[in-house]
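structure28.txt follows (compact mmCIF, C-alpha atoms):
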```txt
# COMPACT_ATOMS: atom_id res chain seq x y z
CA PRO A 1086 0.00 0.00 0.00
CA VAL A 1087 0.93 3.61 -0.57
CA LEU A 1088 0.30 6.43 1.88
CA GLY A 1089 -2.98 8.08 0.92
CA GLU A 1090 -4.69 4.87 -0.15
CA ARG A 1091 -7.64 3.56 1.85
CA ILE A 1092 -7.21 -0.03 3.05
CA GLY A 1093 -10.09 -2.23 4.17
CA ASP A 1094 -10.64 -5.61 5.79
CA PHE A 1095 -14.30 -6.53 6.19
CA ALA A 1096 -13.67 -9.48 8.53
CA CYS A 1097 -10.55 -8.17 10.22
CA GLY A 1098 -10.29 -10.42 13.26
CA THR A 1099 -7.48 -9.08 15.42
CA GLY A 1100 -6.22 -6.85 12.61
CA GLY A 1101 -3.24 -8.81 11.32
CA PHE A 1102 -3.54 -7.68 7.70
CA LEU A 1103 -4.28 -4.11 8.74
CA THR A 1104 -1.25 -3.92 11.03
CA SER A 1105 0.95 -5.37 8.27
CA ALA A 1106 -0.30 -2.63 5.94
CA LEU A 1107 0.37 -0.03 8.65
CA ASN A 1108 3.94 -1.29 9.01
CA VAL A 1109 4.49 -0.57 5.31
CA LEU A 1110 2.76 2.83 5.50
CA ASP A 1111 4.67 3.90 8.61
CA LYS A 1112 7.91 3.92 6.62
CA GLN A 1113 6.33 6.45 4.22
CA VAL A 1114 5.20 8.96 6.88
CA GLY A 1115 8.51 10.65 7.73
CA ASN A 1116 8.30 13.69 10.03
CA SER A 1117 5.27 15.27 8.38
CA LEU A 1118 2.23 15.88 10.61
CA GLU A 1119 0.05 15.88 7.50
CA ASN A 1120 1.36 12.43 6.54
CA ARG A 1121 0.78 11.23 10.11
CA GLU A 1122 -2.88 12.31 9.80
CA ILE A 1123 -3.20 10.47 6.48
CA TYR A 1124 -1.65 7.39 8.14
CA ASN A 1125 -4.18 7.64 11.00
CA ASN A 1126 -7.07 7.51 8.52
CA SER A 1127 -5.70 4.80 6.22
CA VAL A 1128 -7.35 1.66 7.55
CA TYR A 1129 -10.92 0.49 8.01
CA GLY A 1130 -12.08 -2.79 9.47
CA VAL A 1131 -15.16 -4.67 10.56
CA GLU A 1132 -15.22 -7.57 13.01
CA LYS A 1133 -18.26 -9.55 14.10
CA LYS A 1134 -16.91 -11.19 17.27
CA ALA A 1135 -16.36 -9.13 20.44
CA MET A 1136 -12.96 -10.42 21.59
CA PRO A 1137 -11.17 -10.16 18.22
CA HIS A 1138 -12.74 -6.72 17.77
CA ILE A 1139 -11.25 -5.48 21.06
CA LEU A 1140 -7.89 -7.01 20.15
CA CYS A 1141 -7.98 -5.29 16.76
CA ILE A 1142 -8.69 -1.93 18.39
CA THR A 1143 -5.76 -2.57 20.74
CA ASN A 1144 -3.56 -3.50 17.78
CA MET A 1145 -4.46 -0.25 16.04
CA LEU A 1146 -3.67 1.78 19.16
CA LEU A 1147 -0.30 0.02 19.42
CA HIS A 1148 0.37 1.11 15.83
CA ASP A 1149 -0.30 4.79 16.66
CA ILE A 1150 -3.82 4.92 15.22
CA ASP A 1151 -5.42 7.38 17.65
CA ASN A 1152 -9.04 6.81 16.62
CA PRO A 1153 -9.31 3.36 15.00
CA ASN A 1154 -12.04 3.00 12.40
CA ILE A 1155 -12.82 -0.59 13.36
CA ILE A 1156 -16.53 -1.40 13.45
CA HIS A 1157 -18.04 -4.10 15.67
CA GLY A 1158 -20.61 -5.73 13.42
CA ASN A 1159 -21.32 -8.25 10.67
CA THR A 1160 -20.39 -6.97 7.22
CA LEU A 1161 -22.70 -9.53 5.63
CA GLU A 1162 -25.81 -8.02 7.25
CA THR A 1163 -25.72 -4.92 5.01
CA ASP A 1164 -27.86 -4.96 1.87
CA TYR A 1165 -25.65 -4.87 -1.23
CA LYS A 1166 -27.53 -1.81 -2.56
CA GLU A 1167 -26.13 0.16 0.40
CA TYR A 1168 -22.58 -0.68 -0.65
CA ARG A 1169 -22.99 1.48 -3.76
CA LYS A 1170 -23.39 4.48 -1.44
CA MET A 1171 -20.46 3.54 0.80
CA GLU A 1172 -16.78 4.32 0.50
CA GLN A 1173 -14.77 2.14 -1.84
CA PHE A 1174 -11.23 1.07 -1.09
CA ASP A 1175 -7.93 1.23 -2.95
CA VAL A 1176 -6.67 -1.91 -1.23
CA VAL A 1177 -8.59 -4.78 0.35
CA LEU A 1178 -6.70 -7.36 2.40
CA MET A 1179 -8.72 -10.26 3.78
CA ASN A 1180 -8.75 -13.74 5.16
CA PRO A 1181 -12.53 -14.07 5.46
CA PRO A 1182 -14.09 -16.80 7.53
CA TYR A 1183 -15.00 -19.77 5.41
CA GLY A 1184 -16.64 -23.10 5.97
CA GLY A 1185 -19.52 -21.35 7.69
CA ASN A 1186 -23.06 -21.05 6.46
CA GLU A 1187 -25.17 -17.92 6.69
CA LYS A 1188 -28.87 -17.70 7.48
CA ASP A 1189 -31.45 -16.85 4.83
CA SER A 1190 -31.84 -13.42 6.46
CA VAL A 1191 -28.21 -12.70 5.50
CA LYS A 1192 -28.32 -14.27 2.04
CA VAL A 1193 -31.15 -11.97 0.93
CA ASN A 1194 -28.75 -9.02 1.27
CA PHE A 1195 -27.11 -10.13 -1.99
CA PRO A 1196 -28.34 -10.21 -5.60
CA ALA A 1197 -30.19 -13.44 -6.38
CA ASP A 1198 -27.58 -14.62 -8.89
CA LEU A 1199 -24.73 -14.14 -6.38
CA ARG A 1200 -26.55 -15.48 -3.32
CA SER A 1201 -24.83 -18.26 -1.40
CA SER A 1202 -24.86 -19.64 2.12
CA GLU A 1203 -21.04 -20.01 2.10
CA THR A 1204 -19.42 -17.09 3.92
CA ALA A 1205 -16.33 -16.98 1.64
CA ASP A 1206 -18.58 -16.53 -1.41
CA LEU A 1207 -20.47 -13.70 0.26
CA PHE A 1208 -17.26 -11.94 1.27
CA MET A 1209 -15.98 -12.22 -2.30
CA ASN A 1210 -19.14 -10.36 -3.35
CA ILE A 1211 -18.50 -7.67 -0.74
CA ILE A 1212 -14.95 -7.21 -2.01
CA MET A 1213 -16.20 -6.81 -5.57
CA PHE A 1214 -18.77 -4.22 -4.40
CA ARG A 1215 -16.31 -2.21 -2.29
CA LEU A 1216 -13.08 -2.28 -4.32
CA LYS A 1217 -12.33 0.87 -6.31
CA LYS A 1218 -11.80 0.66 -10.05
CA ASN A 1219 -8.12 -0.28 -10.46
CA GLY A 1220 -7.97 -1.16 -6.76
CA ARG A 1221 -5.93 -4.09 -5.48
CA CYS A 1222 -6.91 -7.00 -3.32
CA GLY A 1223 -5.13 -9.81 -1.53
CA ILE A 1224 -7.51 -12.48 -0.26
CA ILE A 1225 -7.18 -15.97 1.10
CA ILE A 1226 -9.99 -18.18 -0.16
CA PRO A 1227 -10.78 -21.86 0.42
CA ASP A 1228 -9.40 -24.48 -1.97
CA GLY A 1229 -12.77 -25.32 -3.47
CA PHE A 1230 -13.73 -21.74 -4.35
CA LEU A 1231 -12.45 -21.91 -7.91
CA PHE A 1232 -13.90 -25.36 -8.53
CA GLY A 1233 -17.42 -25.00 -7.15
CA THR A 1234 -20.20 -25.63 -9.65
CA ASP A 1235 -23.33 -24.34 -7.92
CA ASN A 1236 -25.04 -21.35 -9.58
CA ALA A 1237 -23.79 -18.73 -7.10
CA LYS A 1238 -20.15 -19.87 -7.31
CA VAL A 1239 -20.26 -19.92 -11.12
CA ASN A 1240 -21.78 -16.43 -11.23
CA ILE A 1241 -19.32 -15.04 -8.69
CA LYS A 1242 -16.40 -16.43 -10.71
CA LYS A 1243 -17.85 -15.04 -13.96
CA LYS A 1244 -18.11 -11.59 -12.39
CA LEU A 1245 -14.64 -11.86 -10.86
CA PHE A 1246 -12.90 -12.90 -14.09
CA SER A 1247 -14.86 -10.62 -16.44
CA GLU A 1248 -14.93 -7.39 -14.40
CA PHE A 1249 -11.67 -7.60 -12.45
CA ASN A 1250 -8.03 -8.04 -13.37
CA VAL A 1251 -7.19 -11.29 -11.57
CA HIS A 1252 -3.41 -11.33 -11.45
CA THR A 1253 -2.18 -14.25 -9.36
CA ILE A 1254 -3.71 -17.34 -7.81
CA VAL A 1255 -1.56 -19.44 -5.50
```
As a first step, turn the structure in this file into structure tokens.
Amino acid sequence: PVLGERIGDFACGTGGFLTSALNVLDKQVGNSLENREIYNNSVYGVEKKAMPHILCITNMLLHDIDNPNIIHGNTLETDYKEYRKMEQFDVVLMNPPYGGNEKDSVKVNFPADLRSSETADLFMNIIMFRLKKNGRCGIIIPDGFLFGTDNAKVNIKKKLFSEFNVHTIV
């Protein structure tokens, strides 16, 4: 990441990816108070569980973020139409929870063709909604993501490979 870019993690846990990004940004701040302010406003996170949320806030404070923008909530509970009105990010770094299944009340927050009960699929949708044009993303996804054949997985992959510049898959 480069100082001035907005970095997001929508299932940030204790903030590992965010703190790694801050370590890179910190080297770009120098002695400028203006750069320090930009640094302070660089990261955004959301965490559903209480204990990891508190640990993430603590991690941000330890990395000189005076007022951490880390939300305690479930990213998946927001209707996708609202994401069009929300801030988009230059960089998204995520290791979303996977293997879990979401309730129908969460699935309806997504377009019918991209609806899935698998949390990793839903987070991939969120990333595609919130990433700026020409933005960059590093995400850890489950092994089976690229090989799933259900309608939602196929549609998510079509959107991903047709609308985004997928660079590297490891």
Considering all atoms listed in the file, can you say which of A:Leu1103, A:Met1213, A:Val1193, A:Met1136 comes closest to A:Leu1245? A:Met1213
Show me the residues around (-8.5, -22.7, 0.8) - criterion: an atom at most 12 Å away, all atoms listed in the file counted - as a ChimeraX atom specification. /A:1180-1184,1205,1224-1232,1254-1255
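Distance annotation: of A:Leu1216, A:Ile1155, A:Leu1199, A:Ile1150, the residue with the minimal separation from A:Glu1090 is A:Leu1216; atom set is only C-alpha atoms.
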Give me, please, the distance in Å between atom CA of A:Leu1147 and atom CA of A:Thr1104, quoted to one decimal. 9.3 Å
Please provide the set of residues having any atom within 12 Å of A:Leu1140, restricted to all atoms listed in the file, with same-chain residues fewer than 2 positions apart removed, written as a list in words. Cys1097, Gly1098, Thr1099, Gly1100, Gly1101, Thr1104, Glu1132, Lys1134, Ala1135, Met1136, Pro1137, His1138, Ile1142, Thr1143, Asn1144, Met1145, Leu1146, Leu1147, Pro1153, Ile1155 and His1157 of chain A
Show which residues sit within 7 Å of A:Cys1222, as number ranges by chain. Count all atoms listed in the file, and ignore same-chain residues fewer than 4 positions away. A: 1176-1178
Give me the residues within 7 Å of stretch 1113-1128 of chain A as number ranges by chain, counting all atoms listed in the file and dropping any in the same chain fewer than 2 places off. A: 1088-1093, 1103, 1110-1111, 1130, 1150-1151, 1154
Calculated over all atoms listed in the file, which of the candidates A:Leu1161, A:Lys1133, A:Ser1201, A:Ala1096 has the smallest distance to A:Thr1234?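 For A:Thr1234, the nearest of the candidates is A:Ser1201.
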Anything within 6 Å of (-5.4, -8.5, -8.9): list those residues as a list in words, counting all atoms listed in the file and sticking to the file's coordinates. Arg1221, Cys1222, Asn1250, Val1251 and His1252 of chain A
Between A:His1148, A:Pro1086, A:Ile1241, A:Ser1105, single out the one closest to A:Ile1211, counting all atoms listed in the file.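 Nearest candidate to A:Ile1211 out of A:His1148, A:Pro1086, A:Ile1241, A:Ser1105: A:Ile1241.
The shortest atom-to-atom distance to A:Glu1172, with all atoms listed in the file taken into account, belongs to A:Tyr1129 out of A:Cys1141, A:Glu1187, A:Asn1210, A:Tyr1129.
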Which of A:Leu1207, A:Val1087, A:Ala1197, A:Val1131 sits closest to A:Lys1112 [using only C-alpha atoms]: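 Ranking A:Leu1207, A:Val1087, A:Ala1197, A:Val1131 by distance to A:Lys1112, first place goes to A:Val1087.
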Using the file's own x, y and z axes, so that the box edges lie along x, y and z, what centre and edge lengths in Å (one decimal) does a box around every listed atom of stretch 1189-1193 of chain A get when 5 Å is added on each side? Give it as lines of an AutoDock Vina configuration file.
```
center_x = -30.0
center_y = -14.4
center_z = 3.7
size_x = 13.6
size_y = 14.9
size_z = 15.5
```
Coordinates-based distance that separates atom CA of A:Arg1169 from atom CA of A:Asn1152 (Å, one decimal):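 Atom-to-atom, atom CA of A:Asn1152 and atom CA of A:Arg1169 are spaced 25.3 Å apart.
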Please return stretch 1106-1117 of chain A, rebuilt to all heavy atoms, as a PDB file, in the coordinates of the input.
```pdb
ATOM      1  N   ALA A1106      -0.218  -3.782   6.847  1.00  0.00           N
ATOM      2  CA  ALA A1106      -0.300  -2.630   5.940  1.00  0.00           C
ATOM      3  C   ALA A1106       0.234  -1.372   6.633  1.00  0.00           C
ATOM      4  O   ALA A1106       0.959  -0.577   6.025  1.00  0.00           O
ATOM      5  CB  ALA A1106      -1.737  -2.424   5.483  1.00  0.00           C
ATOM      6  N   LEU A1107      -0.107  -1.194   7.902  1.00  0.00           N
ATOM      7  CA  LEU A1107       0.370  -0.030   8.650  1.00  0.00           C
ATOM      8  C   LEU A1107       1.890  -0.030   8.781  1.00  0.00           C
ATOM      9  O   LEU A1107       2.525   1.031   8.742  1.00  0.00           O
ATOM     10  CB  LEU A1107      -0.295   0.041  10.023  1.00  0.00           C
ATOM     11  CG  LEU A1107      -1.764   0.426  10.023  1.00  0.00           C
ATOM     12  CD1 LEU A1107      -2.366   0.241  11.420  1.00  0.00           C
ATOM     13  CD2 LEU A1107      -1.968   1.846   9.519  1.00  0.00           C
ATOM     14  N   ASN A1108       2.478  -1.203   8.932  1.00  0.00           N
ATOM     15  CA  ASN A1108       3.940  -1.290   9.010  1.00  0.00           C
ATOM     16  C   ASN A1108       4.589  -0.785   7.729  1.00  0.00           C
ATOM     17  O   ASN A1108       5.638  -0.139   7.770  1.00  0.00           O
ATOM     18  CB  ASN A1108       4.383  -2.724   9.298  1.00  0.00           C
ATOM     19  CG  ASN A1108       4.078  -3.150  10.723  1.00  0.00           C
ATOM     20  OD1 ASN A1108       3.963  -2.314  11.616  1.00  0.00           O
ATOM     21  ND2 ASN A1108       3.924  -4.448  10.932  1.00  0.00           N
ATOM     22  N   VAL A1109       3.970  -1.062   6.591  1.00  0.00           N
ATOM     23  CA  VAL A1109       4.490  -0.570   5.310  1.00  0.00           C
ATOM     24  C   VAL A1109       4.269   0.942   5.208  1.00  0.00           C
ATOM     25  O   VAL A1109       5.163   1.683   4.798  1.00  0.00           O
ATOM     26  CB  VAL A1109       3.799  -1.308   4.134  1.00  0.00           C
ATOM     27  CG1 VAL A1109       4.168  -0.675   2.798  1.00  0.00           C
ATOM     28  CG2 VAL A1109       4.156  -2.783   4.150  1.00  0.00           C
ATOM     29  N   LEU A1110       3.081   1.402   5.589  1.00  0.00           N
ATOM     30  CA  LEU A1110       2.760   2.830   5.500  1.00  0.00           C
ATOM     31  C   LEU A1110       3.619   3.678   6.434  1.00  0.00           C
ATOM     32  O   LEU A1110       3.985   4.807   6.098  1.00  0.00           O
ATOM     33  CB  LEU A1110       1.278   3.072   5.797  1.00  0.00           C
ATOM     34  CG  LEU A1110       0.281   2.499   4.807  1.00  0.00           C
ATOM     35  CD1 LEU A1110      -1.137   2.765   5.285  1.00  0.00           C
ATOM     36  CD2 LEU A1110       0.500   3.049   3.416  1.00  0.00           C
ATOM     37  N   ASP A1111       3.924   3.147   7.611  1.00  0.00           N
ATOM     38  CA  ASP A1111       4.670   3.900   8.610  1.00  0.00           C
ATOM     39  C   ASP A1111       6.024   4.374   8.067  1.00  0.00           C
ATOM     40  O   ASP A1111       6.484   5.464   8.390  1.00  0.00           O
ATOM     41  CB  ASP A1111       4.862   3.051   9.869  1.00  0.00           C
ATOM     42  CG  ASP A1111       5.421   3.858  11.024  1.00  0.00           C
ATOM     43  OD1 ASP A1111       4.886   4.951  11.303  1.00  0.00           O
ATOM     44  OD2 ASP A1111       6.413   3.403  11.642  1.00  0.00           O
ATOM     45  N   LYS A1112       6.619   3.566   7.206  1.00  0.00           N
ATOM     46  CA  LYS A1112       7.910   3.920   6.620  1.00  0.00           C
ATOM     47  C   LYS A1112       7.793   5.083   5.632  1.00  0.00           C
ATOM     48  O   LYS A1112       8.792   5.699   5.275  1.00  0.00           O
ATOM     49  CB  LYS A1112       8.512   2.705   5.918  1.00  0.00           C
ATOM     50  CG  LYS A1112       8.830   1.576   6.874  1.00  0.00           C
ATOM     51  CD  LYS A1112       9.239   0.323   6.146  1.00  0.00           C
ATOM     52  CE  LYS A1112       9.424  -0.794   7.168  1.00  0.00           C
ATOM     53  NZ  LYS A1112       9.257  -2.102   6.588  1.00  0.00           N
ATOM     54  N   GLN A1113       6.559   5.387   5.200  1.00  0.00           N
ATOM     55  CA  GLN A1113       6.330   6.450   4.220  1.00  0.00           C
ATOM     56  C   GLN A1113       5.940   7.774   4.872  1.00  0.00           C
ATOM     57  O   GLN A1113       5.857   8.793   4.204  1.00  0.00           O
ATOM     58  CB  GLN A1113       5.222   6.019   3.250  1.00  0.00           C
ATOM     59  CG  GLN A1113       5.532   4.741   2.494  1.00  0.00           C
ATOM     60  CD  GLN A1113       4.328   4.209   1.733  1.00  0.00           C
ATOM     61  OE1 GLN A1113       3.490   4.971   1.280  1.00  0.00           O
ATOM     62  NE2 GLN A1113       4.255   2.893   1.605  1.00  0.00           N
ATOM     63  N   VAL A1114       5.711   7.776   6.190  1.00  0.00           N
ATOM     64  CA  VAL A1114       5.200   8.960   6.880  1.00  0.00           C
ATOM     65  C   VAL A1114       6.262  10.044   7.053  1.00  0.00           C
ATOM     66  O   VAL A1114       6.006  11.224   6.811  1.00  0.00           O
ATOM     67  CB  VAL A1114       4.600   8.574   8.267  1.00  0.00           C
ATOM     68  CG1 VAL A1114       4.264   9.802   9.084  1.00  0.00           C
ATOM     69  CG2 VAL A1114       3.382   7.695   8.081  1.00  0.00           C
ATOM     70  N   GLY A1115       7.458   9.664   7.458  1.00  0.00           N
ATOM     71  CA  GLY A1115       8.510  10.650   7.730  1.00  0.00           C
ATOM     72  C   GLY A1115       8.147  11.508   8.927  1.00  0.00           C
ATOM     73  O   GLY A1115       7.478  11.055   9.858  1.00  0.00           O
ATOM     74  N   ASN A1116       8.547  12.783   8.907  1.00  0.00           N
ATOM     75  CA  ASN A1116       8.300  13.690  10.030  1.00  0.00           C
ATOM     76  C   ASN A1116       7.105  14.607   9.808  1.00  0.00           C
ATOM     77  O   ASN A1116       6.860  15.510  10.602  1.00  0.00           O
ATOM     78  CB  ASN A1116       9.546  14.548  10.297  1.00  0.00           C
ATOM     79  CG  ASN A1116      10.698  13.695  10.789  1.00  0.00           C
ATOM     80  OD1 ASN A1116      10.491  12.721  11.498  1.00  0.00           O
ATOM     81  ND2 ASN A1116      11.913  14.053  10.390  1.00  0.00           N
ATOM     82  N   SER A1117       6.376  14.393   8.744  1.00  0.00           N
ATOM     83  CA  SER A1117       5.270  15.270   8.380  1.00  0.00           C
ATOM     84  C   SER A1117       4.019  14.980   9.222  1.00  0.00           C
ATOM     85  O   SER A1117       3.550  13.841   9.293  1.00  0.00           O
ATOM     86  CB  SER A1117       4.939  15.073   6.895  1.00  0.00           C
ATOM     87  OG  SER A1117       3.694  15.635   6.581  1.00  0.00           O
TER      88      SER A1117
END
```
